[in-house]
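Coordinates from data-v3.tsv are shown below (TSV, C-alpha atoms and all ligand atoms).
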chain	number	residue	atom	x	y	z
A	15	MET	CA	144.07	27.51	37.97
A	16	GLU	CA	143.56	25.38	41.07
A	17	SER	CA	144.90	26.73	44.33
A	18	GLU	CA	147.73	24.36	45.29
A	19	ALA	CA	148.93	26.03	48.48
A	20	LYS	CA	148.74	22.81	50.45
A	21	LYS	CA	149.73	19.36	49.22
A	22	VAL	CA	146.84	16.97	48.84
A	23	VAL	CA	146.66	13.81	50.94
A	24	LEU	CA	144.23	11.05	50.04
A	25	THR	CA	143.75	7.72	51.72
A	26	CYS	CA	140.94	5.28	52.40
A	27	VAL	CA	139.68	2.35	54.45
A	28	GLN	CA	137.23	-0.37	53.44
A	29	PRO	CA	134.12	-0.47	55.61
A	30	THR	CA	134.34	-4.20	56.16
A	31	GLY	CA	134.10	-4.27	59.96
A	32	ARG	CA	135.87	-2.87	62.97
A	33	LEU	CA	139.34	-1.35	62.50
A	34	HIS	CA	142.15	-3.41	63.99
A	35	LEU	CA	145.45	-2.36	65.52
A	36	GLY	CA	147.19	-2.78	62.13
A	37	ASN	CA	144.79	-0.31	60.50
A	38	TYR	CA	145.35	2.03	63.45
A	39	LEU	CA	149.14	1.89	63.81
A	40	GLY	CA	149.94	1.37	60.13
A	41	ALA	CA	147.45	3.87	58.86
A	42	VAL	CA	144.75	5.97	60.56
A	43	LYS	CA	146.72	7.15	63.63
A	44	ASN	CA	149.37	8.72	61.39
A	45	TRP	CA	146.88	10.51	59.17
A	46	SER	CA	145.69	12.91	61.85
A	47	GLU	CA	149.21	14.40	61.96
A	48	LEU	CA	148.83	15.54	58.35
A	49	ILE	CA	145.68	17.58	58.96
A	50	GLY	CA	146.40	21.30	59.01
A	51	THR	CA	149.58	21.12	56.97
A	52	HIS	CA	147.86	19.27	54.09
A	53	GLU	CA	144.50	19.29	52.32
A	54	CYS	CA	143.21	15.91	53.48
A	55	TYR	CA	140.62	13.59	51.96
A	56	PHE	CA	139.80	10.43	53.90
A	57	GLY	CA	137.60	8.00	52.01
A	58	ILE	CA	135.33	5.18	53.10
A	59	VAL	CA	135.54	2.86	50.12
A	60	ASP	CA	132.26	0.98	50.06
A	61	MET	CA	132.68	0.12	46.36
A	62	HIS	CA	135.79	-1.88	47.23
A	63	ALA	CA	133.90	-3.66	49.99
A	64	ILE	CA	131.50	-5.32	47.52
A	65	THR	CA	134.27	-7.18	45.67
A	66	ILE	CA	133.92	-10.13	48.07
A	67	PRO	CA	130.70	-11.71	49.40
A	68	TYR	CA	128.88	-9.31	51.79
A	69	VAL	CA	125.48	-8.41	53.26
A	70	PRO	CA	124.07	-5.00	52.14
A	71	ALA	CA	122.59	-4.17	55.57
A	72	ASP	CA	125.99	-4.85	57.19
A	73	LEU	CA	127.70	-2.61	54.65
A	74	ARG	CA	125.43	0.34	55.54
A	75	LYS	CA	126.08	-0.20	59.26
A	76	ASN	CA	129.83	-0.55	58.65
A	77	VAL	CA	129.95	2.81	56.86
A	78	TYR	CA	128.61	4.58	59.97
A	79	GLU	CA	130.98	2.65	62.21
A	80	CYS	CA	133.96	3.33	59.98
A	81	ALA	CA	133.16	7.06	59.99
A	82	ALA	CA	132.88	7.01	63.80
A	83	GLN	CA	136.19	5.15	64.09
A	84	TYR	CA	137.89	7.70	61.84
A	85	VAL	CA	136.86	10.48	64.21
A	86	ALA	CA	137.73	8.38	67.27
A	87	CYS	CA	141.25	7.86	65.86
A	88	GLY	CA	141.77	11.61	65.64
A	89	LEU	CA	140.56	12.60	62.16
A	90	ASP	CA	138.84	15.96	62.64
A	91	PRO	CA	135.92	16.23	60.18
A	92	GLU	CA	135.97	20.03	60.53
A	93	LYS	CA	139.54	20.21	59.22
A	94	SER	CA	139.52	17.39	56.68
A	95	SER	CA	137.04	15.85	54.21
A	96	ILE	CA	135.72	12.44	55.24
A	97	PHE	CA	133.81	11.15	52.23
A	98	LEU	CA	131.89	8.15	50.98
A	99	GLN	CA	133.34	6.76	47.75
A	100	SER	CA	130.05	5.58	46.17
A	101	SER	CA	128.51	9.05	46.63
A	102	VAL	CA	131.23	10.82	44.63
A	103	VAL	CA	130.45	10.68	40.91
A	104	GLY	CA	133.55	9.85	38.87
A	105	HIS	CA	135.34	7.03	40.73
A	106	ALA	CA	133.70	4.31	38.62
A	107	GLU	CA	134.11	6.28	35.40
A	108	LEU	CA	137.81	6.90	35.98
A	109	THR	CA	138.22	3.21	36.85
A	110	TRP	CA	136.85	2.34	33.42
A	111	ILE	CA	139.12	4.82	31.64
A	112	LEU	CA	142.21	3.57	33.52
A	113	SER	CA	141.27	-0.06	32.94
A	114	CYS	CA	141.50	0.65	29.21
A	115	ILE	CA	145.23	1.44	29.57
A	116	CYS	CA	145.96	-1.23	32.22
A	117	PRO	CA	147.35	-4.58	31.02
A	118	VAL	CA	145.28	-7.39	32.50
A	119	GLY	CA	148.47	-9.33	33.37
A	120	ASN	CA	149.42	-6.61	35.87
A	121	LEU	CA	146.17	-7.23	37.74
A	122	GLU	CA	146.48	-11.01	37.68
A	123	ARG	CA	149.93	-10.69	39.28
A	124	MET	CA	148.71	-8.69	42.31
A	125	THR	CA	149.49	-10.52	45.57
A	126	GLN	CA	146.28	-9.37	47.24
A	127	PHE	CA	144.17	-10.54	44.29
A	128	LYS	CA	145.81	-13.97	44.33
A	129	ASP	CA	145.37	-14.20	48.09
A	130	LYS	CA	141.70	-13.16	48.10
A	131	ALA	CA	140.93	-15.27	45.01
A	132	ARG	CA	142.28	-18.29	46.89
A	133	ARG	CA	140.29	-17.49	50.03
A	134	HIS	CA	137.00	-16.86	48.20
A	135	ALA	CA	137.38	-19.50	45.48
A	136	SER	CA	134.37	-21.47	46.70
A	137	SER	CA	131.96	-18.53	46.22
A	138	GLY	CA	133.35	-17.65	42.75
A	139	ILE	CA	135.70	-14.80	41.89
A	140	CYS	CA	134.10	-11.69	40.38
A	141	SER	CA	135.90	-9.45	37.90
A	142	GLY	CA	135.49	-6.56	40.38
A	143	LEU	CA	138.05	-8.27	42.60
A	144	LEU	CA	140.52	-8.32	39.70
A	145	PHE	CA	139.80	-4.62	39.00
A	146	TYR	CA	140.07	-3.64	42.68
A	147	PRO	CA	143.53	-2.02	42.24
A	148	VAL	CA	142.31	0.03	39.24
A	149	LEU	CA	139.47	1.41	41.37
A	150	MET	CA	142.06	2.21	44.04
A	151	ALA	CA	144.20	4.03	41.44
A	152	ALA	CA	141.09	5.98	40.38
A	153	ASP	CA	140.42	6.92	44.05
A	154	ILE	CA	143.87	8.49	44.20
A	155	LEU	CA	144.13	10.08	40.76
A	156	ILE	CA	140.64	11.62	40.76
A	157	TYR	CA	141.88	13.94	43.57
A	158	ASN	CA	145.29	14.44	41.96
A	159	ALA	CA	146.74	13.45	45.33
A	160	ASP	CA	150.39	14.20	46.14
A	161	MET	CA	150.69	11.77	49.00
A	162	VAL	CA	148.96	8.53	49.98
A	163	PRO	CA	149.71	7.28	53.51
A	164	VAL	CA	149.16	3.50	53.70
A	165	GLY	CA	150.46	0.36	55.39
A	166	GLN	CA	153.07	-1.86	53.79
A	167	ASP	CA	150.44	-4.21	52.28
A	168	GLN	CA	149.30	-1.51	49.85
A	169	LYS	CA	152.74	-0.95	48.30
A	170	GLN	CA	152.05	-3.03	45.20
A	171	HIS	CA	148.69	-1.30	44.62
A	172	MET	CA	150.43	2.07	44.96
A	173	GLU	CA	152.99	1.10	42.32
A	174	LEU	CA	150.15	0.32	39.93
A	175	ALA	CA	148.51	3.70	40.66
A	176	ARG	CA	151.81	5.45	39.84
A	177	ASP	CA	152.27	3.38	36.66
A	178	LEU	CA	148.74	4.19	35.50
A	179	ALA	CA	149.24	7.92	36.18
A	180	GLN	CA	152.47	7.86	34.15
A	181	LYS	CA	150.88	5.87	31.35
A	182	PHE	CA	147.84	8.18	31.16
A	183	ASN	CA	150.14	11.21	31.06
A	184	SER	CA	152.21	9.74	28.26
A	185	VAL	CA	149.22	8.61	26.19
A	186	TYR	CA	146.99	11.68	26.70
A	187	SER	CA	149.50	14.39	27.82
A	188	ASP	CA	150.29	15.63	31.32
A	189	THR	CA	147.23	15.36	33.58
A	190	PHE	CA	147.95	13.55	36.85
A	191	LYS	CA	150.55	14.10	39.51
A	192	ILE	CA	152.50	10.94	40.28
A	193	PRO	CA	151.33	10.09	43.84
A	194	GLU	CA	153.87	9.17	46.52
A	195	ALA	CA	153.12	6.36	48.98
A	196	SER	CA	153.97	7.21	52.57
A	197	ILE	CA	154.60	4.10	54.66
A	198	PRO	CA	155.41	4.54	58.38
A	199	LYS	CA	158.63	3.16	59.91
A	200	ALA	CA	156.93	1.52	62.88
A	201	GLY	CA	153.56	-0.23	62.59
A	202	ALA	CA	153.54	-0.48	58.79
A	203	ARG	CA	153.01	-4.21	59.00
A	204	VAL	CA	151.38	-5.45	62.19
A	205	MET	CA	151.18	-9.23	62.17
A	206	SER	CA	148.61	-11.63	63.61
A	207	LEU	CA	149.27	-12.43	67.29
A	208	GLN	CA	148.47	-16.08	66.63
A	209	SER	CA	150.33	-16.57	63.34
A	210	PRO	CA	152.96	-13.82	63.14
A	211	ASP	CA	153.95	-14.79	59.61
A	212	SER	CA	150.65	-13.37	58.26
A	213	LYS	CA	149.39	-9.80	58.64
A	214	MET	CA	146.83	-8.84	61.26
A	215	SER	CA	143.51	-8.90	59.45
A	216	LYS	CA	139.75	-8.61	60.01
A	217	SER	CA	139.25	-11.85	58.11
A	218	ASP	CA	141.69	-13.97	60.17
A	219	SER	CA	139.96	-17.28	60.99
A	220	ASN	CA	141.54	-17.10	64.48
A	221	GLN	CA	140.14	-13.85	65.90
A	222	ASN	CA	142.45	-14.09	68.94
A	223	GLY	CA	145.20	-12.94	66.59
A	224	THR	CA	143.46	-9.63	65.83
A	225	LEU	CA	143.27	-6.69	68.26
A	226	TYR	CA	140.35	-4.37	67.49
A	227	ILE	CA	140.50	-0.73	68.47
A	228	THR	CA	137.11	-1.10	70.15
A	229	ASP	CA	137.99	-4.28	72.10
A	230	SER	CA	137.58	-3.88	75.87
A	231	PRO	CA	140.78	-3.63	77.99
A	232	ASP	CA	140.19	-7.17	79.28
A	233	VAL	CA	139.89	-8.61	75.79
A	234	LEU	CA	143.01	-6.74	74.64
A	235	ARG	CA	145.00	-8.02	77.64
A	236	LYS	CA	143.81	-11.59	77.13
A	237	LYS	CA	144.70	-11.61	73.43
A	238	ILE	CA	148.15	-10.09	74.01
A	239	MET	CA	148.99	-12.38	76.95
A	240	SER	CA	148.14	-15.42	74.77
A	241	ALA	CA	150.12	-14.17	71.76
A	242	VAL	CA	152.37	-16.79	70.19
A	243	THR	CA	156.03	-16.29	71.15
A	244	ASP	CA	159.23	-17.94	70.02
A	245	SER	CA	161.74	-20.34	71.53
A	246	GLY	CA	164.27	-18.75	73.88
A	247	GLY	CA	163.26	-16.11	76.40
A	248	GLU	CA	165.08	-13.04	75.19
A	249	VAL	CA	163.24	-9.88	74.08
A	250	ARG	CA	165.11	-9.27	70.83
A	251	ALA	CA	164.04	-8.51	67.25
A	252	ALA	CA	165.20	-11.17	64.79
A	253	ALA	CA	164.00	-12.97	61.67
A	254	ASP	CA	163.71	-16.26	63.59
A	255	LYS	CA	161.64	-14.54	66.33
A	256	PRO	CA	158.54	-13.34	64.42
A	257	GLY	CA	156.23	-13.41	67.46
A	258	ILE	CA	158.45	-11.25	69.69
A	259	THR	CA	159.46	-9.00	66.79
A	260	ASN	CA	155.77	-8.33	66.09
A	261	LEU	CA	155.10	-7.49	69.76
A	262	MET	CA	158.16	-5.20	69.73
A	263	ASN	CA	156.80	-3.50	66.61
A	264	ILE	CA	153.45	-2.95	68.35
A	265	TYR	CA	155.16	-1.68	71.52
A	266	SER	CA	157.44	0.60	69.52
A	267	ALA	CA	154.55	2.06	67.48
A	268	THR	CA	152.40	2.66	70.59
A	269	THR	CA	155.11	4.10	72.85
A	270	GLY	CA	157.49	5.67	70.31
A	271	LYS	CA	160.43	3.69	71.81
A	272	SER	CA	163.11	2.36	69.45
A	273	PHE	CA	163.92	-1.37	69.21
A	274	GLU	CA	167.29	-0.74	70.92
A	275	LEU	CA	165.59	0.95	73.85
A	276	ILE	CA	163.03	-1.86	74.14
A	277	GLU	CA	165.77	-4.50	74.09
A	278	SER	CA	167.66	-2.76	76.88
A	279	GLU	CA	164.47	-2.08	78.91
A	280	PHE	CA	163.63	-5.82	78.90
A	281	SER	CA	167.13	-7.25	78.99
A	282	GLY	CA	167.18	-10.13	81.50
A	283	LYS	CA	163.37	-10.06	81.86
A	284	GLY	CA	161.09	-12.77	80.48
A	285	TYR	CA	158.42	-12.79	77.81
A	286	GLY	CA	155.64	-12.61	80.44
A	287	GLU	CA	156.82	-9.27	81.76
A	288	PHE	CA	157.27	-7.91	78.25
A	289	LYS	CA	153.77	-9.01	77.18
A	290	LYS	CA	152.29	-7.28	80.23
A	291	ALA	CA	154.02	-4.05	79.26
A	292	VAL	CA	152.79	-4.37	75.65
A	293	ALA	CA	149.22	-5.02	76.88
A	294	GLU	CA	149.24	-1.98	79.16
A	295	ALA	CA	150.68	0.25	76.43
A	296	VAL	CA	148.00	-0.87	73.96
A	297	VAL	CA	145.17	-0.55	76.53
A	298	GLU	CA	146.37	2.93	77.48
A	299	ARG	CA	146.70	3.99	73.86
A	300	LEU	CA	143.28	2.72	72.81
A	301	LYS	CA	141.31	3.88	75.88
A	302	PRO	CA	140.50	7.38	74.57
A	303	VAL	CA	139.87	5.96	71.08
A	304	ARG	CA	137.27	3.53	72.42
A	305	GLU	CA	135.60	6.20	74.56
A	306	LYS	CA	135.38	8.64	71.67
A	307	TYR	CA	134.07	5.91	69.40
A	308	GLU	CA	131.17	5.09	71.78
A	309	GLU	CA	130.24	8.77	71.88
A	310	VAL	CA	130.38	9.36	68.10
A	311	VAL	CA	128.75	6.12	66.93
A	312	ALA	CA	125.67	6.91	69.02
A	313	ASP	CA	125.13	10.15	67.07
A	314	LYS	CA	123.97	9.10	63.61
A	315	ALA	CA	122.88	12.64	62.64
A	316	TYR	CA	126.36	14.00	63.40
A	317	ILE	CA	128.00	11.25	61.31
A	318	GLU	CA	125.66	11.96	58.40
A	319	SER	CA	126.34	15.69	58.58
A	320	PHE	CA	130.13	15.44	58.40
A	321	LEU	CA	130.00	12.66	55.78
A	322	LYS	CA	127.75	14.81	53.61
A	323	ARG	CA	130.01	17.84	53.98
A	324	GLY	CA	133.15	15.80	53.25
A	325	THR	CA	131.56	14.09	50.26
A	326	GLU	CA	130.52	17.44	48.77
A	327	ALA	CA	134.07	18.77	49.12
A	328	ALA	CA	135.46	15.59	47.55
A	329	GLN	CA	132.96	15.88	44.70
A	330	ARG	CA	134.03	19.46	43.96
A	331	ARG	CA	137.65	18.42	43.54
A	332	ALA	CA	136.84	15.20	41.67
A	333	SER	CA	134.55	17.01	39.19
A	334	ARG	CA	137.30	19.48	38.26
A	335	ILE	CA	139.78	16.72	37.52
A	336	MET	CA	137.24	14.51	35.73
A	337	SER	CA	136.21	17.23	33.30
A	338	LYS	CA	139.87	17.54	32.30
A	339	VAL	CA	140.18	13.75	31.97
A	340	ARG	CA	137.05	13.48	29.80
A	341	ARG	CA	138.36	16.17	27.47
A	342	LYS	CA	141.76	14.49	27.18
A	343	VAL	CA	140.36	11.07	26.30
A	344	GLY	CA	138.12	12.57	23.62
A	345	PHE	CA	134.67	12.32	25.23
A	346	LEU	CA	132.12	14.92	24.11
A	347	ASP	CA	130.26	16.59	26.96
A	348	LEU	CA	126.56	16.72	25.99
A	349	ARG	CA	125.18	17.01	29.54
B	1	LIG	P1	142.18	-1.64	54.23
B	1	LIG	O1	140.80	-1.23	54.60
B	1	LIG	O2	142.47	-3.09	54.08
B	1	LIG	O3	143.22	-1.08	55.25
B	1	LIG	C1	143.23	0.28	55.61
B	1	LIG	C2	144.66	0.72	55.92
B	1	LIG	O4	145.22	-0.09	56.95
B	1	LIG	C3	146.48	-0.61	56.52
B	1	LIG	N1	146.65	-1.97	57.11
B	1	LIG	C4	147.67	-2.34	57.88
B	1	LIG	N2	148.77	-1.67	58.33
B	1	LIG	C5	149.63	-2.33	59.14
B	1	LIG	N3	149.46	-3.63	59.50
B	1	LIG	C6	148.39	-4.35	59.08
B	1	LIG	N4	148.23	-5.61	59.49
B	1	LIG	C7	147.44	-3.70	58.22
B	1	LIG	N5	146.27	-4.09	57.64
B	1	LIG	C8	145.80	-3.01	56.95
B	1	LIG	C9	146.38	-0.65	55.00
B	1	LIG	O5	147.66	-0.63	54.41
B	1	LIG	C10	145.58	0.59	54.70
B	1	LIG	O6	146.44	1.74	54.66
B	1	LIG	N6	143.02	-1.02	49.36
B	1	LIG	C11	142.92	-0.29	50.62
B	1	LIG	C12	141.79	0.72	50.63
B	1	LIG	C13	141.85	1.75	49.56
B	1	LIG	C14	142.79	2.81	49.47
B	1	LIG	C15	142.41	3.58	48.33
B	1	LIG	C16	143.88	3.20	50.27
B	1	LIG	C17	140.99	1.87	48.51
B	1	LIG	N7	141.32	2.96	47.79
B	1	LIG	C18	143.11	4.71	47.95
B	1	LIG	C19	144.59	4.34	49.87
B	1	LIG	C20	144.21	5.07	48.74
B	1	LIG	C21	142.67	-1.30	51.71
B	1	LIG	O7	142.43	-2.44	51.46
B	1	LIG	O8	142.60	-0.80	52.93
Mind turning the file's structure into C-alpha cells?
Ligand code: TYM
Amino acid sequence: MESEAKKVVLTCVQPTGRLHLGNYLGAVKNWSELIGTHECYFGIVDMHAITIPYVPADLRKNVYECAAQYVACGLDPEKSSIFLQSSVVGHAELTWILSCICPVGNLERMTQFKDKARRHASSGICSGLLFYPVLMAADILIYNADMVPVGQDQKQHMELARDLAQKFNSVYSDTFKIPEASIPKAGARVMSLQSPDSKMSKSDSNQNGTLYITDSPDVLRKKIMSAVTDSGGEVRAAADKPGITNLMNIYSATTGKSFELIESEFSGKGYGEFKKAVAEAVVERLKPVREKYEEVVADKAYIESFLKRGTEAAQRRASRIMSKVRRKVGFLDLR
C-alpha cells in the first residue's frame, strides 16, 4: 500500500523561454504555498516543448533557466520534487495507452490545438501537437495526482485528463484518482498589455504586451506605462474596459487587494496614476524573484543536483503506478 498521508500535487511548465507574469501570478507563485502541506511534483515538460518548431540547443538552455525560475519563484527543491519530464520513463508510454481510449475528435476540438495549428500552419502541423493534451493527461495520471494547480487556459486540457482517468477506470477497473484542477481567483488569466483580449504569452508578436519575471525594473515600468487602456478615465472593472480590468487583475494579484478596494483607492484619480501604482507593485513583487534567479542560474551544478534528485523521486512514484497500469491493460512484463 502506498503511503497517502499527504495529497499529491502535480503541475508543470513548458521550457519554451522566460516565464511571464501570467505564468507567475496564474501558476508558479501559488504553488509554493502548497509545499509542506502536500507532496509536490513540479515538472519541466520538455517533451511538450518539441510539438512546435524549436532549436535543440535552446531547449537545453531553457530547461536550466526554467529550473532556476522555479526556485526563484519560491519552489524549494529540498521540500518538493522538481523533475524533467523526458528523464522519467513512463510518460510517453502512458500517453500511448491513453491515446488508445481517447477519441480523436476530442483532440481536434481543443482550443489550444486549433490556435497553435493556425499559428504554425506554415511550418506544418505535427501529430504531436494534436496529442499534446494526452501527454499532459499522462503527466498528471502517472503520479496519481489529487490536485493540479493551473491557469484558466488549461481548463479544457484538465477536463480531458479527468475524462481519460474516468474512462480508463471504467474500461480497466479502478486505477487513477480523478484529478482536480485548482485555478486561482486572481491572476488566473493575465492578458496581454497591448491586446487585452488575448492572454499574455511568450509567443506574442508584440513583446511590449508581455512582462517577464526577469525583466529589469525599467523595462517593466515602460511596458506597464504604455499598456493599452480604454476610453473614459475611471479605474473600474467592466467588460467594455478590458485594458483597465487586466491591470486591476494584475494589481489585485500582486497586492492582494480586492477590486472594490482598488476602485475606491483610485476613485477620482486618472489612469496615469493607477498605472504608476501597478508598475511599482509589479517591480516590488518581482525584485526578489529576479535577484534569486540571477544567483541560481549561475550555478549549473546546483540546478543539475536538484533536478536529478527530483527526477529520481518522480521516477519512483511513476514506476509504481505504471506497473499497475501495464498489468491492467494486459501487457506481459518480460523485463
Ligand atoms: P505553460 O508552460 O503554457 O504555462 C504554465 C502555467 O502558466 C499558466 N499560464 C497563465 N496563467 C495566467 N495568465 C496567463 N496569461 C497564463 N499563461 C500561462 C498556465 O495555465 C500553466 O498553469 N500545458 C501546460 C503544461 C503542462 C502541464 C502538465 C500543466 C504539461 N503537462 C500537467 C499541468 C499539469 C502549459 O502549456 O503550460
8 Å contact set for segment 284-290 of chain A, only C-alpha atoms, chain neighbours under 5 positions out, as a CSV table (one decimal) with C-alpha atoms, keeping the file's coordinate frame:
chain,number,residue,atom,x,y,z
A,235,ARG,CA,145.0,-8.0,77.6
A,238,ILE,CA,148.2,-10.1,74.0
A,239,MET,CA,149.0,-12.4,77.0
A,243,THR,CA,156.0,-16.3,71.2
A,247,GLY,CA,163.3,-16.1,76.4
A,248,GLU,CA,165.1,-13.0,75.2
A,249,VAL,CA,163.2,-9.9,74.1
A,261,LEU,CA,155.1,-7.5,69.8
Exercise. Given the choices A:Pro302, A:Gly36, A:Gly57, A:Pro67, which gets closest to ligand LIG 1 (chain B) if the distance is worked out from only C-alpha atoms and all ligand atoms?
Worked result: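 Of all the options, A:Gly36 lies closest to ligand LIG 1 (chain B).
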Exercise. For the point (128.6, 3.2, 55.7) in file coordinates, what residues are within 9 Å, counting all atoms listed in the file? Give the answer as number ranges by chain?
Worked result: A: 29, 58-60, 72-81, 98
Export of prior selection with C-alpha atoms as a compact mmCIF listing (two decimals), in the frame of the given file:
# COMPACT_ATOMS: atom_id res chain seq x y z
CA PRO A 29 134.12 -0.47 55.61
CA ILE A 58 135.33 5.18 53.10
CA VAL A 59 135.54 2.86 50.12
CA ASP A 60 132.26 0.98 50.06
CA ASP A 72 125.99 -4.85 57.19
CA LEU A 73 127.70 -2.61 54.65
CA ARG A 74 125.43 0.34 55.54
CA LYS A 75 126.08 -0.20 59.26
CA ASN A 76 129.83 -0.55 58.65
CA VAL A 77 129.95 2.81 56.86
CA TYR A 78 128.61 4.58 59.97
CA GLU A 79 130.98 2.65 62.21
CA CYS A 80 133.96 3.33 59.98
CA ALA A 81 133.16 7.06 59.99
CA LEU A 98 131.89 8.15 50.98
Any idea what's packed within 10 Å of segment 179-182 of chain A, counting all atoms listed in the file, ignoring anything in its chain fewer than 6 positions away? Could you give it as a PDB file with C-alpha atoms, in the frame of the given file?
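out-v7.pdb written:
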ATOM      1  CA  ILE A 111     139.120   4.820  31.640  1.00  0.00           C
ATOM      2  CA  LEU A 112     142.210   3.570  33.520  1.00  0.00           C
ATOM      3  CA  ILE A 115     145.230   1.440  29.570  1.00  0.00           C
ATOM      4  CA  CYS A 116     145.960  -1.230  32.220  1.00  0.00           C
ATOM      5  CA  ALA A 151     144.200   4.030  41.440  1.00  0.00           C
ATOM      6  CA  ALA A 152     141.090   5.980  40.380  1.00  0.00           C
ATOM      7  CA  ILE A 154     143.870   8.490  44.200  1.00  0.00           C
ATOM      8  CA  LEU A 155     144.130  10.080  40.760  1.00  0.00           C
ATOM      9  CA  ASN A 158     145.290  14.440  41.960  1.00  0.00           C
ATOM     10  CA  GLU A 173     152.990   1.100  42.320  1.00  0.00           C
ATOM     11  CA  ASP A 188     150.290  15.630  31.320  1.00  0.00           C
ATOM     12  CA  THR A 189     147.230  15.360  33.580  1.00  0.00           C
ATOM     13  CA  PHE A 190     147.950  13.550  36.850  1.00  0.00           C
ATOM     14  CA  LYS A 191     150.550  14.100  39.510  1.00  0.00           C
ATOM     15  CA  ILE A 192     152.500  10.940  40.280  1.00  0.00           C
ATOM     16  CA  PRO A 193     151.330  10.090  43.840  1.00  0.00           C
ATOM     17  CA  VAL A 339     140.180  13.750  31.970  1.00  0.00           C
ATOM     18  CA  LYS A 342     141.760  14.490  27.180  1.00  0.00           C
ATOM     19  CA  VAL A 343     140.360  11.070  26.300  1.00  0.00           C
TER      20      VAL A 343
END
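Relative to atom CA of Arg304 of chain A, atom CA of Ala86 of chain A is found at 7.1 Å.
The shortest atom-to-atom distance to ligand LIG 1 (chain B), with all atoms listed in the file taken into account, belongs to A:Val204 out of A:Val303, A:Leu275, A:Val204, A:Leu35.
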For this session: Return the single residue from A:Ile64, A:Ala293, A:Ala253, A:Ala71 that is closest to ligand LIG 1 (chain B), with distances computed using all atoms listed in the file.
Result: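 Among the listed residues, A:Ile64 lies closest to ligand LIG 1 (chain B).
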Exercise. In Å, with one decimal, what is the gap from atom CA of Glu53 of chain A to atom CA of Met172 of chain A?
Worked result: 19.6 Å
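For segment 130-141 of chain A, the non-local neighbours within 10 Å, defined as residues at least 4 positions apart in the same chain or in other chains and counting all atoms listed in the file, are Ile64, Thr65, Ile66, Pro67, Thr125, Gln126, Phe145, Tyr146 and Ser217 of chain A.
Between atom CA of Tyr55 of chain A and atom CA of Ala159 of chain A lies a distance of 9.0 Å.
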Sorted by chain and rising residue number, which residues of segment 76-178 of chain A lie within 9 Å of segment 306-328 of chain A, and what are their closest atom pairs and distances in Å to one decimal, counting all atoms listed in the file, as a tab-separated table?
residue	atom	partner	partner_atom	distance
A:Tyr78	CA	A:Ile317	CA	6.8
A:Glu79	CA	A:Val311	CA	6.3
A:Ala81	CA	A:Ile317	CA	6.8
A:Ala82	CA	A:Val311	CA	5.3
A:Gln83	CA	A:Tyr307	CA	5.8
A:Tyr84	CA	A:Tyr307	CA	8.7
A:Val85	CA	A:Tyr307	CA	7.5
A:Ala86	CA	A:Tyr307	CA	4.9
A:Cys87	CA	A:Tyr307	CA	8.2
A:Pro91	CA	A:Phe320	CA	6.1
A:Glu92	CA	A:Phe320	CA	7.7
A:Ser94	CA	A:Gly324	CA	7.4
A:Ser95	CA	A:Gly324	CA	4.0
A:Ile96	CA	A:Gly324	CA	4.7
A:Phe97	CA	A:Thr325	CA	4.2
A:Leu98	CA	A:Thr325	CA	6.0
A:Gln99	CA	A:Thr325	CA	7.9
A:Ser101	CA	A:Thr325	CA	6.9
A:Val102	CA	A:Thr325	CA	6.5
A:Tyr157	CA	A:Ala328	CA	7.7
Find the axis-aligned box for ligand LIG 1 (chain B), covering all its listed atoms and adding 6 Å on each side, and write its centre and edge lengths in Å to one decimal as lines of an AutoDock Vina configuration file.
center_x = 145.2
center_y = -0.3
center_z = 53.6
size_x = 20.8
size_y = 22.7
size_z = 23.7
Could you name the residues that touch Asn44 of chain A at 10 Å or less, counting only C-alpha atoms, but leaving out those on the same chain fewer than 6 positions away, as a PDB file with C-alpha atoms, in the coordinates of the input?
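The resulting file, around.pdb, is shown below:
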ATOM      1  CA  TYR A  38     145.350   2.030  63.450  1.00  0.00           C
ATOM      2  CA  CYS A  87     141.250   7.860  65.860  1.00  0.00           C
ATOM      3  CA  GLY A  88     141.770  11.610  65.640  1.00  0.00           C
ATOM      4  CA  LEU A  89     140.560  12.600  62.160  1.00  0.00           C
ATOM      5  CA  PRO A 163     149.710   7.280  53.510  1.00  0.00           C
ATOM      6  CA  VAL A 164     149.160   3.500  53.700  1.00  0.00           C
ATOM      7  CA  ILE A 197     154.600   4.100  54.660  1.00  0.00           C
ATOM      8  CA  PRO A 198     155.410   4.540  58.380  1.00  0.00           C
ATOM      9  CA  GLY A 201     153.560  -0.230  62.590  1.00  0.00           C
TER      10      GLY A 201
END
For this session: List the neighbours of Met262 of chain A out to 10 Å using only C-alpha atoms; skip same-chain residues closer than 5 positions along the sequence, and give me the result as number ranges by chain.
Result: A: 200-201, 249-251, 256-257, 267-268, 271-273, 276-277, 288-289, 292
Exercise. Looking at A:Ser100, A:Ser215, A:Ser266, A:Thr109, which one is nearest to Asn37 of chain A, with distances taken over all atoms listed in the file?
Worked result: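 Closest residue, counting all atoms listed in the file: A:Ser215.
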